[in-house]
file input_38.cif (mmCIF, C-alpha atoms)
data_protein
loop_
_atom_site.label_atom_id
_atom_site.label_comp_id
_atom_site.auth_asym_id
_atom_site.auth_seq_id
_atom_site.Cartn_x
_atom_site.Cartn_y
_atom_site.Cartn_z
CA MET A 11 1.31 -16.98 29.58
CA GLY A 12 0.22 -13.42 30.36
CA ALA A 13 3.18 -12.93 32.70
CA TYR A 14 5.56 -14.31 30.07
CA ILE A 15 4.25 -11.94 27.40
CA LEU A 16 4.55 -9.02 29.83
CA ARG A 17 8.17 -9.94 30.59
CA ARG A 18 8.98 -10.10 26.89
CA LEU A 19 7.36 -6.71 26.27
CA ILE A 20 9.32 -5.15 29.14
CA SER A 21 12.57 -6.68 27.88
CA ALA A 22 11.93 -5.09 24.48
CA ILE A 23 12.00 -1.56 25.93
CA PRO A 24 15.81 -1.28 26.33
CA VAL A 25 16.24 -2.80 22.87
CA LEU A 26 14.06 -0.11 21.30
CA LEU A 27 15.80 2.62 23.31
CA GLY A 28 19.16 1.33 22.10
CA ILE A 29 17.89 1.43 18.51
CA THR A 30 16.80 5.05 18.89
CA VAL A 31 20.24 5.99 20.25
CA ILE A 32 22.06 4.23 17.39
CA VAL A 33 19.83 5.69 14.68
CA PHE A 34 20.08 9.21 16.11
CA ALA A 35 23.86 8.96 16.53
CA ILE A 36 24.41 7.71 12.95
CA MET A 37 22.30 10.49 11.47
CA ALA A 38 24.09 13.06 13.65
CA MET A 39 27.52 11.83 12.50
CA ILE A 40 26.77 12.10 8.78
CA PRO A 41 29.11 14.81 7.46
CA GLY A 42 27.73 18.00 5.99
CA ASP A 43 24.96 20.38 6.96
CA PRO A 44 21.49 18.81 6.60
CA ALA A 45 19.85 22.21 6.15
CA THR A 46 22.16 23.05 3.25
CA ALA A 47 21.50 19.66 1.62
CA ILE A 48 17.72 20.07 2.00
CA LEU A 49 17.60 23.63 0.67
CA GLY A 50 19.90 22.98 -2.30
CA SER A 51 20.12 26.09 -4.48
CA TYR A 52 18.06 28.05 -1.92
CA ALA A 53 20.71 27.55 0.77
CA THR A 54 21.39 31.16 1.64
CA PRO A 55 22.85 31.82 5.11
CA GLU A 56 19.50 33.22 6.27
CA ASN A 57 17.52 30.23 5.00
CA VAL A 58 20.02 27.75 6.44
CA GLU A 59 19.87 29.43 9.85
CA LYS A 60 16.06 29.49 9.76
CA LEU A 61 15.80 25.81 8.78
CA ASN A 62 18.30 24.80 11.47
CA ARG A 63 16.06 26.50 14.04
CA GLU A 64 12.95 24.76 12.65
CA LEU A 65 14.64 21.35 12.72
CA GLY A 66 16.19 21.99 16.13
CA LEU A 67 19.69 21.52 14.73
CA ASP A 68 20.92 24.62 16.60
CA LYS A 69 20.54 22.74 19.91
CA PRO A 70 23.06 20.32 21.48
CA ALA A 71 22.82 16.73 20.25
CA VAL A 72 21.79 15.29 23.63
CA GLN A 73 18.98 17.82 23.95
CA ARG A 74 17.81 17.10 20.39
CA TYR A 75 17.72 13.37 21.12
CA PHE A 76 15.53 13.69 24.20
CA ILE A 77 13.20 16.13 22.46
CA TRP A 78 12.84 13.70 19.54
CA LEU A 79 12.38 10.72 21.88
CA GLY A 80 9.80 12.56 23.98
CA ASN A 81 7.84 13.51 20.87
CA MET A 82 7.87 9.93 19.59
CA LEU A 83 6.56 8.62 22.90
CA THR A 84 3.52 10.87 22.41
CA GLY A 85 3.03 9.60 18.85
CA ASP A 86 4.62 12.61 17.16
CA PHE A 87 7.38 11.39 14.83
CA GLY A 88 7.90 14.89 13.46
CA GLN A 89 7.36 16.49 10.07
CA SER A 90 9.09 15.40 6.89
CA TYR A 91 10.62 18.58 5.51
CA ALA A 92 11.11 17.16 2.00
CA LEU A 93 7.53 15.82 1.72
CA ASN A 94 5.86 18.44 3.93
CA ARG A 95 3.74 15.88 5.74
CA PRO A 96 3.86 14.05 9.09
CA VAL A 97 6.53 11.34 9.24
CA LEU A 98 4.20 8.77 10.80
CA ASP A 99 1.60 9.22 8.05
CA GLU A 100 4.20 8.67 5.34
CA VAL A 101 5.73 5.66 7.11
CA LEU A 102 2.34 4.01 7.61
CA LYS A 103 1.43 4.63 3.98
CA ARG A 104 4.66 3.08 2.71
CA PHE A 105 4.73 0.30 5.29
CA GLY A 106 1.56 -1.18 3.82
CA ALA A 107 3.37 -1.82 0.52
CA THR A 108 6.42 -3.23 2.31
CA LEU A 109 4.22 -5.47 4.46
CA ILE A 110 2.59 -6.93 1.35
CA LEU A 111 5.97 -7.65 -0.28
CA ALA A 112 7.70 -8.95 2.85
CA GLY A 113 4.60 -10.88 3.97
CA VAL A 114 4.23 -12.76 0.69
CA ALA A 115 7.98 -13.43 0.58
CA PHE A 116 7.90 -14.71 4.17
CA VAL A 117 4.98 -17.04 3.46
CA LEU A 118 6.83 -18.38 0.42
CA CYS A 119 10.15 -18.95 2.17
CA SER A 120 8.50 -20.44 5.28
CA GLY A 121 6.26 -22.87 3.42
CA LEU A 122 8.78 -23.93 0.80
CA GLY A 123 11.71 -23.96 3.25
CA VAL A 124 10.03 -26.15 5.86
CA LEU A 125 8.61 -28.46 3.18
CA ALA A 126 12.00 -28.86 1.51
CA GLY A 127 13.68 -29.47 4.87
CA VAL A 128 11.17 -32.14 5.90
CA VAL A 129 11.37 -33.95 2.55
CA SER A 130 15.15 -33.77 2.59
CA ALA A 131 15.33 -35.20 6.12
CA ALA A 132 12.80 -37.95 5.38
CA ARG A 133 14.80 -38.98 2.29
CA GLN A 134 18.24 -38.52 3.82
CA TYR A 135 21.09 -39.23 1.35
CA GLY A 136 18.54 -40.16 -1.30
CA PRO A 137 18.09 -38.50 -4.72
CA ALA A 138 15.49 -36.07 -3.34
CA ASP A 139 17.83 -35.03 -0.52
CA LYS A 140 20.72 -34.45 -2.92
CA ALA A 141 18.58 -32.51 -5.39
CA ILE A 142 17.11 -30.28 -2.68
CA THR A 143 20.55 -29.68 -1.16
CA PHE A 144 21.94 -28.64 -4.54
CA VAL A 145 19.06 -26.24 -5.24
CA VAL A 146 19.20 -24.81 -1.73
CA LEU A 147 22.96 -24.15 -1.86
CA LEU A 148 22.54 -22.56 -5.27
CA GLY A 149 19.77 -20.30 -3.98
CA ILE A 150 21.77 -19.24 -0.92
CA SER A 151 24.76 -18.37 -3.10
CA ILE A 152 22.89 -15.96 -5.41
CA PRO A 153 22.35 -12.41 -4.07
CA SER A 154 18.69 -11.43 -4.10
CA PHE A 155 19.26 -8.15 -5.95
CA PHE A 156 21.23 -9.92 -8.70
CA LEU A 157 18.54 -12.57 -9.03
CA GLY A 158 15.96 -9.81 -9.23
CA MET A 159 17.77 -8.11 -12.10
CA MET A 160 18.12 -11.41 -13.96
CA MET A 161 14.41 -12.07 -13.48
CA ILE A 162 13.62 -8.65 -14.95
CA LEU A 163 15.77 -9.38 -18.00
CA LEU A 164 14.18 -12.79 -18.55
CA PHE A 165 10.51 -12.47 -17.56
CA ALA A 166 9.92 -8.76 -18.22
CA VAL A 167 12.28 -7.76 -21.04
CA LYS A 168 12.75 -10.97 -23.03
CA LEU A 169 9.54 -12.95 -22.47
CA ARG A 170 7.29 -9.99 -21.56
CA TRP A 171 5.32 -12.14 -19.14
CA LEU A 172 5.50 -9.85 -16.11
CA PRO A 173 5.69 -6.08 -15.50
CA VAL A 174 9.11 -4.56 -14.92
CA SER A 175 8.49 -2.47 -11.83
CA GLY A 176 6.02 -0.80 -9.53
CA MET A 177 3.11 -2.12 -7.50
CA TYR A 178 0.32 -1.47 -9.99
CA ALA A 179 0.11 -0.63 -13.68
CA ILE A 180 0.40 3.10 -14.43
CA TYR A 181 -2.66 2.99 -16.69
CA GLY A 182 -5.56 0.73 -15.79
CA GLY A 183 -5.17 -2.24 -13.45
CA GLY A 184 -5.22 -1.55 -9.75
CA ASP A 185 -7.00 -4.80 -8.87
CA LEU A 186 -5.76 -7.95 -7.11
CA GLN A 187 -4.68 -9.62 -10.34
CA ASP A 188 -2.58 -6.59 -11.27
CA LEU A 189 -0.99 -6.58 -7.81
CA LEU A 190 -0.13 -10.28 -8.00
CA ARG A 191 1.51 -9.86 -11.42
CA HIS A 192 3.70 -7.07 -10.04
CA LEU A 193 4.42 -9.09 -6.90
CA VAL A 194 5.67 -12.33 -8.46
CA MET A 195 9.25 -11.29 -9.23
CA PRO A 196 10.13 -9.13 -6.19
CA ALA A 197 8.58 -11.58 -3.69
CA SER A 198 10.32 -14.56 -5.33
CA ALA A 199 13.70 -12.80 -5.44
CA LEU A 200 13.35 -11.75 -1.81
CA ALA A 201 12.35 -15.24 -0.64
CA VAL A 202 15.11 -17.26 -2.32
CA VAL A 203 17.93 -16.88 0.22
CA ALA A 204 15.62 -17.19 3.24
CA THR A 205 14.08 -20.33 1.74
CA GLY A 206 17.50 -21.95 1.49
CA VAL A 207 18.42 -21.08 5.08
CA ILE A 208 15.10 -22.34 6.46
CA ALA A 209 15.36 -25.55 4.42
CA ARG A 210 18.86 -26.36 5.68
CA LEU A 211 18.05 -25.67 9.34
CA SER A 212 14.68 -27.43 9.11
CA ARG A 213 16.43 -30.50 7.71
CA GLY A 214 18.81 -30.53 10.67
CA ALA A 215 16.01 -30.04 13.21
CA VAL A 216 13.89 -32.86 11.74
CA LEU A 217 16.87 -35.22 11.51
CA GLU A 218 17.65 -34.59 15.17
CA VAL A 219 14.08 -35.43 16.17
CA LEU A 220 14.03 -38.55 13.98
CA ARG A 221 16.87 -39.97 16.10
CA GLN A 222 14.85 -39.65 19.32
CA ASP A 223 13.50 -42.66 21.20
CA PHE A 224 9.83 -41.73 20.82
CA ILE A 225 10.19 -41.83 17.03
CA ARG A 226 11.70 -45.32 17.18
CA THR A 227 8.87 -46.34 19.48
CA ALA A 228 6.24 -45.01 17.07
CA ARG A 229 7.83 -46.89 14.19
CA ALA A 230 8.04 -50.06 16.26
CA LYS A 231 4.29 -49.80 16.92
CA GLY A 232 3.68 -49.81 13.19
CA VAL A 233 2.68 -46.15 12.83
CA PRO A 234 2.78 -45.18 9.11
CA GLU A 235 5.92 -43.29 8.13
CA ARG A 236 3.96 -40.27 6.86
CA ARG A 237 2.21 -39.96 10.20
CA VAL A 238 5.53 -40.36 12.01
CA ILE A 239 6.98 -37.46 10.02
CA GLN A 240 3.96 -35.16 10.01
CA GLY A 241 2.36 -35.96 13.34
CA HIS A 242 5.39 -36.58 15.54
CA ALA A 243 8.69 -35.43 14.07
CA LEU A 244 7.55 -32.15 12.49
CA ARG A 245 5.62 -31.04 15.56
CA ALA A 246 8.61 -31.65 17.81
CA ALA A 247 11.02 -30.05 15.33
CA MET A 248 8.92 -26.88 15.09
CA VAL A 249 10.26 -25.83 18.49
CA GLY A 250 13.66 -25.40 16.83
CA ILE A 251 12.32 -24.21 13.47
CA ILE A 252 10.16 -21.33 14.76
CA PRO A 253 13.14 -19.22 15.99
CA VAL A 254 14.71 -19.64 12.55
CA LEU A 255 11.52 -18.32 10.98
CA GLY A 256 11.69 -15.30 13.29
CA ILE A 257 15.27 -14.53 12.27
CA GLN A 258 14.47 -14.91 8.58
CA ALA A 259 11.47 -12.60 8.99
CA GLY A 260 13.97 -9.90 9.95
CA PHE A 261 16.13 -10.79 6.97
CA VAL A 262 13.14 -10.54 4.63
CA LEU A 263 12.08 -7.21 6.12
CA SER A 264 15.57 -5.73 5.83
CA GLY A 265 16.13 -7.29 2.40
CA ALA A 266 13.04 -5.53 1.14
CA VAL A 267 15.11 -2.32 1.05
CA TYR A 268 17.25 -3.26 -1.95
CA ILE A 269 14.54 -5.36 -3.59
CA GLU A 270 12.27 -2.32 -3.50
CA MET A 271 14.97 -0.30 -5.22
CA VAL A 272 15.49 -2.94 -7.92
CA PHE A 273 11.78 -3.25 -8.67
CA GLN A 274 10.81 0.35 -7.78
CA TRP A 275 8.37 -0.96 -5.19
CA PRO A 276 6.79 1.96 -3.27
CA GLY A 277 7.61 0.72 0.22
CA VAL A 278 9.50 1.84 3.33
CA GLY A 279 12.86 0.71 1.94
CA ARG A 280 12.63 2.92 -1.10
CA MET A 281 11.32 5.74 1.07
CA LEU A 282 14.33 5.48 3.40
CA VAL A 283 16.83 5.53 0.53
CA ASP A 284 15.19 8.63 -0.94
CA ALA A 285 15.07 10.26 2.50
CA ILE A 286 18.77 9.59 3.11
CA LEU A 287 19.68 11.13 -0.24
CA LYS A 288 17.59 14.20 0.62
CA ARG A 289 18.91 14.31 4.21
CA ASP A 290 15.36 14.16 5.54
CA ILE A 291 16.53 13.37 9.06
CA LEU A 292 13.22 12.92 10.86
CA LEU A 293 11.81 10.70 8.10
CA VAL A 294 14.88 8.43 8.22
CA GLN A 295 14.88 8.21 12.01
CA GLY A 296 11.15 7.64 12.26
CA GLY A 297 11.12 5.04 9.48
CA VAL A 298 13.99 3.00 10.93
CA VAL A 299 12.56 3.05 14.46
CA PHE A 300 9.11 2.04 13.21
CA VAL A 301 10.47 -0.90 11.21
CA ALA A 302 12.70 -1.96 14.12
CA ALA A 303 9.72 -1.85 16.49
CA CYS A 304 7.73 -4.07 14.11
CA TYR A 305 10.62 -6.55 13.97
CA VAL A 306 10.91 -6.65 17.78
CA LEU A 307 7.15 -7.17 18.08
CA PHE A 308 7.25 -10.01 15.54
CA ASN A 309 10.02 -11.72 17.51
CA ILE A 310 7.89 -11.52 20.64
CA VAL A 311 5.08 -13.23 18.71
CA VAL A 312 7.56 -15.91 17.60
CA ASP A 313 8.72 -16.46 21.21
CA VAL A 314 5.12 -16.80 22.36
CA ALA A 315 4.40 -19.33 19.60
CA GLN A 316 7.50 -21.28 20.56
CA SER A 317 6.48 -21.29 24.24
CA LEU A 318 3.06 -22.68 23.28
CA LEU A 319 4.80 -25.65 21.64
CA ASP A 320 7.30 -26.07 24.48
CA PRO A 321 6.00 -24.73 27.85
CA ARG A 322 9.48 -25.19 29.38
CA ILE A 323 10.60 -22.03 27.56
CA LYS A 324 8.43 -19.84 29.82
CA THR A 325 10.27 -20.95 32.96
#
call {"tool": "encode", "arguments": {"input": "input_38.cif", "output": "structure tokens"}}
result
Amino acid sequence: MGAYILRRLISAIPVLLGITVIVFAIMAMIPGDPATAILGSYATPENVEKLNRELGLDKPAVQRYFIWLGNMLTGDFGQSYALNRPVLDEVLKRFGATLILAGVAFVLCSGLGVLAGVVSAARQYGPADKAITFVVLLGISIPSFFLGMMMILLFAVKLRWLPVSGMYAIYGGGDLQDLLRHLVMPASALAVVATGVIARLSRGAVLEVLRQDFIRTARAKGVPERRVIQGHALRAAMVGIIPVLGIQAGFVLSGAVYIEMVFQWPGVGRMLVDAILKRDILLVQGGVVFVAACYVLFNIVVDVAQSLLDPRIKT
């Protein structure tokens, strides 16, 4: 297992390097002068030239990339010019809020998706299967940001049950109950599409296992149907379900960007949008690379979990 984890970590290195190249190239190709955009009304020729020197924008692009990469490898993600603070400090601060939102949404979509898929497969072509299929297809068809806005209109504006935006109340609050009230709508909106995808693919994985010989043997021995589903079919199907969960974790993490904008959640997604508008190059590059590294690391964890269920994967 140790050798397998080491191989997966080594294989992630070129992926992360490729991400750094893509992020740097995209930011370098954005039209306009970043120094002029950052300075705004203070963009005199002298100030622009000085800021370009401070940001290293007066150097060739290839040289800038390797300087930036070398600094990141030592833990220095640079300084956010707009916020006047280290990029890594700001990313870590915002990532905590994103991790709460994406983590709750992932738990919701994983639990509900797998449960719906198992029930649907166990009751194939029955009323429960048809009802779950209808709800799942409906959920997949509705964009998360649109659902979020509709939830705000219904639960916050009309019914006044839940707060409109933010992570905590502006005055008072700040406890766990306050956090949960602010978390209900954004986490639910973010989890809807992923829940539908996981449910559909879980249904297919469980149905495939239910057709196997060992399931027919268990039923022939008189094993209760619930135990057949939970103890045999679900365990075997998890080998195919776990990679789906890993992919949807990436979807949830990336989807947090627009959900954070809809609900004004103070996470990395909202930070990146603000940084792009302000042309805060180092903050954008550092934030994207950090999130991408977290996603790659999570996929390695998923692969390890899958290999524990099916040791043949390590070979």
call {"tool": "atom_distance", "arguments": {"input": "input_38.cif", "atom1": "atom CA of A:Pro196", "atom2": "atom CA of A:Trp171"}}
result
14.1 Å
call {"tool": "residues_around", "arguments": {"input": "input_38.cif", "residues": "stretch 232-242 of chain A", "least_positions_apart": "4", "cutoff": "10 Å", "atoms": "all atoms listed in the file", "output": "PyMOL selection string"}}
result
chain A and resi 128-129+131-132+216+219-220+224-228+246-247
call {"tool": "write_last_selection", "arguments": {"input": "input_38.cif", "atoms": "C-alpha atoms", "output": "PDB file, in the frame of the given file"}}
result
ATOM      1  CA  VAL A 128      11.170 -32.140   5.900  1.00  0.00           C
ATOM      2  CA  VAL A 129      11.370 -33.950   2.550  1.00  0.00           C
ATOM      3  CA  ALA A 131      15.330 -35.200   6.120  1.00  0.00           C
ATOM      4  CA  ALA A 132      12.800 -37.950   5.380  1.00  0.00           C
ATOM      5  CA  VAL A 216      13.890 -32.860  11.740  1.00  0.00           C
ATOM      6  CA  VAL A 219      14.080 -35.430  16.170  1.00  0.00           C
ATOM      7  CA  LEU A 220      14.030 -38.550  13.980  1.00  0.00           C
ATOM      8  CA  PHE A 224       9.830 -41.730  20.820  1.00  0.00           C
ATOM      9  CA  ILE A 225      10.190 -41.830  17.030  1.00  0.00           C
ATOM     10  CA  ARG A 226      11.700 -45.320  17.180  1.00  0.00           C
ATOM     11  CA  THR A 227       8.870 -46.340  19.480  1.00  0.00           C
ATOM     12  CA  ALA A 228       6.240 -45.010  17.070  1.00  0.00           C
ATOM     13  CA  ALA A 246       8.610 -31.650  17.810  1.00  0.00           C
ATOM     14  CA  ALA A 247      11.020 -30.050  15.330  1.00  0.00           C
TER      15      ALA A 247
END
call {"tool": "closest_residue", "arguments": {"input": "input_38.cif", "among": "A:Val114, A:Leu263, A:Met37, A:Val25", "to": "A:Leu190", "atoms": "all atoms listed in the file"}}
result
A:Val114
call {"tool": "residues_around", "arguments": {"input": "input_38.cif", "residues": "A:Met177", "least_positions_apart": "3", "cutoff": "8 Å", "atoms": "only C-alpha atoms", "output": "number ranges by chain"}}
result
A: 189, 192-193, 275-276
call {"tool": "atom_distance", "arguments": {"input": "input_38.cif", "atom1": "atom CA of A:Ala71", "atom2": "atom CA of A:Leu27"}}
result
16.1 Å
call {"tool": "closest_residue", "arguments": {"input": "input_38.cif", "among": "A:Leu61, A:Asp139, A:Ala107, A:Met195", "to": "A:Leu157", "atoms": "all atoms listed in the file"}}
result
A:Met195
call {"tool": "closest_residue", "arguments": {"input": "input_38.cif", "among": "A:Met161, A:Leu98, A:Leu16, A:Leu147", "to": "A:Val272", "atoms": "only C-alpha atoms"}}
result
A:Met161
call {"tool": "closest_residue", "arguments": {"input": "input_38.cif", "among": "A:Leu293, A:Val278, A:Ala302, A:Leu148", "to": "A:Phe105", "atoms": "all atoms listed in the file"}}
result
A:Val278
call {"tool": "residues_near_point", "arguments": {"input": "input_38.cif", "point": "(5.6, -1.3, 9.2)", "cutoff": "12 Å", "atoms": "only C-alpha atoms", "output": "ChimeraX atom specification"}}
result
/A:98-113,263-264,266,277-279,296-308
call {"tool": "atom_distance", "arguments": {"input": "input_38.cif", "atom1": "atom CA of A:Pro55", "atom2": "atom CA of A:Ile36"}}
result
25.4 Å
call {"tool": "axis_aligned_box", "arguments": {"input": "input_38.cif", "around": "stretch 190-206 of chain A", "padding_each_side": "8 Å", "output": "lines of an AutoDock Vina configuration file"}}
result
center_x = 8.9
center_y = -14.5
center_z = -4.1
size_x = 34.1
size_y = 30.9
size_z = 30.7
call {"tool": "decode", "arguments": {"input": "input_38.cif", "residues": "stretch 201-211 of chain A", "atoms": "all heavy atoms", "output": "PDB file, in the first residue's frame"}}
result
ATOM      1  N   ALA A 201     -25.479  20.838  -3.686  1.00  0.00           N
ATOM      2  CA  ALA A 201     -25.487  19.376  -3.659  1.00  0.00           C
ATOM      3  C   ALA A 201     -26.483  18.758  -4.627  1.00  0.00           C
ATOM      4  O   ALA A 201     -26.384  17.559  -4.915  1.00  0.00           O
ATOM      5  CB  ALA A 201     -25.799  18.889  -2.246  1.00  0.00           C
ATOM      6  N   VAL A 202     -27.425  19.535  -5.147  1.00  0.00           N
ATOM      7  CA  VAL A 202     -28.536  18.955  -5.909  1.00  0.00           C
ATOM      8  C   VAL A 202     -28.059  18.192  -7.144  1.00  0.00           C
ATOM      9  O   VAL A 202     -28.394  17.019  -7.353  1.00  0.00           O
ATOM     10  CB  VAL A 202     -29.541  20.058  -6.305  1.00  0.00           C
ATOM     11  CG1 VAL A 202     -30.499  19.546  -7.374  1.00  0.00           C
ATOM     12  CG2 VAL A 202     -30.335  20.492  -5.089  1.00  0.00           C
ATOM     13  N   VAL A 203     -27.279  18.839  -8.002  1.00  0.00           N
ATOM     14  CA  VAL A 203     -26.857  18.201  -9.253  1.00  0.00           C
ATOM     15  C   VAL A 203     -25.982  16.987  -8.962  1.00  0.00           C
ATOM     16  O   VAL A 203     -26.155  15.915  -9.566  1.00  0.00           O
ATOM     17  CB  VAL A 203     -26.112  19.210 -10.142  1.00  0.00           C
ATOM     18  CG1 VAL A 203     -25.565  18.519 -11.394  1.00  0.00           C
ATOM     19  CG2 VAL A 203     -27.034  20.345 -10.556  1.00  0.00           C
ATOM     20  N   ALA A 204     -25.023  17.133  -8.048  1.00  0.00           N
ATOM     21  CA  ALA A 204     -24.140  16.012  -7.716  1.00  0.00           C
ATOM     22  C   ALA A 204     -24.920  14.839  -7.133  1.00  0.00           C
ATOM     23  O   ALA A 204     -24.604  13.673  -7.400  1.00  0.00           O
ATOM     24  CB  ALA A 204     -23.069  16.476  -6.728  1.00  0.00           C
ATOM     25  N   THR A 205     -25.960  15.130  -6.354  1.00  0.00           N
ATOM     26  CA  THR A 205     -26.800  14.059  -5.806  1.00  0.00           C
ATOM     27  C   THR A 205     -27.447  13.256  -6.919  1.00  0.00           C
ATOM     28  O   THR A 205     -27.482  12.015  -6.879  1.00  0.00           O
ATOM     29  CB  THR A 205     -27.886  14.651  -4.892  1.00  0.00           C
ATOM     30  OG1 THR A 205     -27.274  15.361  -3.819  1.00  0.00           O
ATOM     31  CG2 THR A 205     -28.764  13.553  -4.309  1.00  0.00           C
ATOM     32  N   GLY A 206     -27.968  13.945  -7.922  1.00  0.00           N
ATOM     33  CA  GLY A 206     -28.601  13.260  -9.043  1.00  0.00           C
ATOM     34  C   GLY A 206     -27.631  12.381  -9.812  1.00  0.00           C
ATOM     35  O   GLY A 206     -27.950  11.234 -10.170  1.00  0.00           O
ATOM     36  N   VAL A 207     -26.430  12.892 -10.065  1.00  0.00           N
ATOM     37  CA  VAL A 207     -25.426  12.113 -10.803  1.00  0.00           C
ATOM     38  C   VAL A 207     -25.021  10.882 -10.005  1.00  0.00           C
ATOM     39  O   VAL A 207     -24.945   9.765 -10.544  1.00  0.00           O
ATOM     40  CB  VAL A 207     -24.196  12.996 -11.108  1.00  0.00           C
ATOM     41  CG1 VAL A 207     -23.091  12.156 -11.733  1.00  0.00           C
ATOM     42  CG2 VAL A 207     -24.573  14.141 -12.028  1.00  0.00           C
ATOM     43  N   ILE A 208     -24.751  11.053  -8.720  1.00  0.00           N
ATOM     44  CA  ILE A 208     -24.349   9.920  -7.879  1.00  0.00           C
ATOM     45  C   ILE A 208     -25.472   8.893  -7.794  1.00  0.00           C
ATOM     46  O   ILE A 208     -25.224   7.676  -7.843  1.00  0.00           O
ATOM     47  CB  ILE A 208     -23.953  10.416  -6.477  1.00  0.00           C
ATOM     48  CG1 ILE A 208     -22.682  11.253  -6.556  1.00  0.00           C
ATOM     49  CG2 ILE A 208     -23.748   9.244  -5.515  1.00  0.00           C
ATOM     50  CD1 ILE A 208     -22.313  11.933  -5.254  1.00  0.00           C
ATOM     51  N   ALA A 209     -26.714   9.350  -7.688  1.00  0.00           N
ATOM     52  CA  ALA A 209     -27.847   8.424  -7.596  1.00  0.00           C
ATOM     53  C   ALA A 209     -27.977   7.576  -8.859  1.00  0.00           C
ATOM     54  O   ALA A 209     -28.171   6.358  -8.783  1.00  0.00           O
ATOM     55  CB  ALA A 209     -29.137   9.201  -7.343  1.00  0.00           C
ATOM     56  N   ARG A 210     -27.858   8.216 -10.017  1.00  0.00           N
ATOM     57  CA  ARG A 210     -27.999   7.476 -11.275  1.00  0.00           C
ATOM     58  C   ARG A 210     -26.879   6.446 -11.439  1.00  0.00           C
ATOM     59  O   ARG A 210     -27.127   5.291 -11.812  1.00  0.00           O
ATOM     60  CB  ARG A 210     -27.985   8.436 -12.453  1.00  0.00           C
ATOM     61  CG  ARG A 210     -29.191   9.353 -12.529  1.00  0.00           C
ATOM     62  CD  ARG A 210     -30.488   8.589 -12.668  1.00  0.00           C
ATOM     63  NE  ARG A 210     -30.567   7.867 -13.924  1.00  0.00           N
ATOM     64  CZ  ARG A 210     -31.469   6.943 -14.206  1.00  0.00           C
ATOM     65  NH1 ARG A 210     -32.367   6.612 -13.298  1.00  0.00           N
ATOM     66  NH2 ARG A 210     -31.486   6.349 -15.387  1.00  0.00           N
ATOM     67  N   LEU A 211     -25.648   6.853 -11.175  1.00  0.00           N
ATOM     68  CA  LEU A 211     -24.519   5.940 -11.363  1.00  0.00           C
ATOM     69  C   LEU A 211     -24.488   4.872 -10.268  1.00  0.00           C
ATOM     70  O   LEU A 211     -24.078   3.738 -10.529  1.00  0.00           O
ATOM     71  CB  LEU A 211     -23.217   6.730 -11.380  1.00  0.00           C
ATOM     72  CG  LEU A 211     -23.082   7.701 -12.568  1.00  0.00           C
ATOM     73  CD1 LEU A 211     -21.786   8.484 -12.495  1.00  0.00           C
ATOM     74  CD2 LEU A 211     -23.158   6.942 -13.893  1.00  0.00           C
TER      75      LEU A 211
END
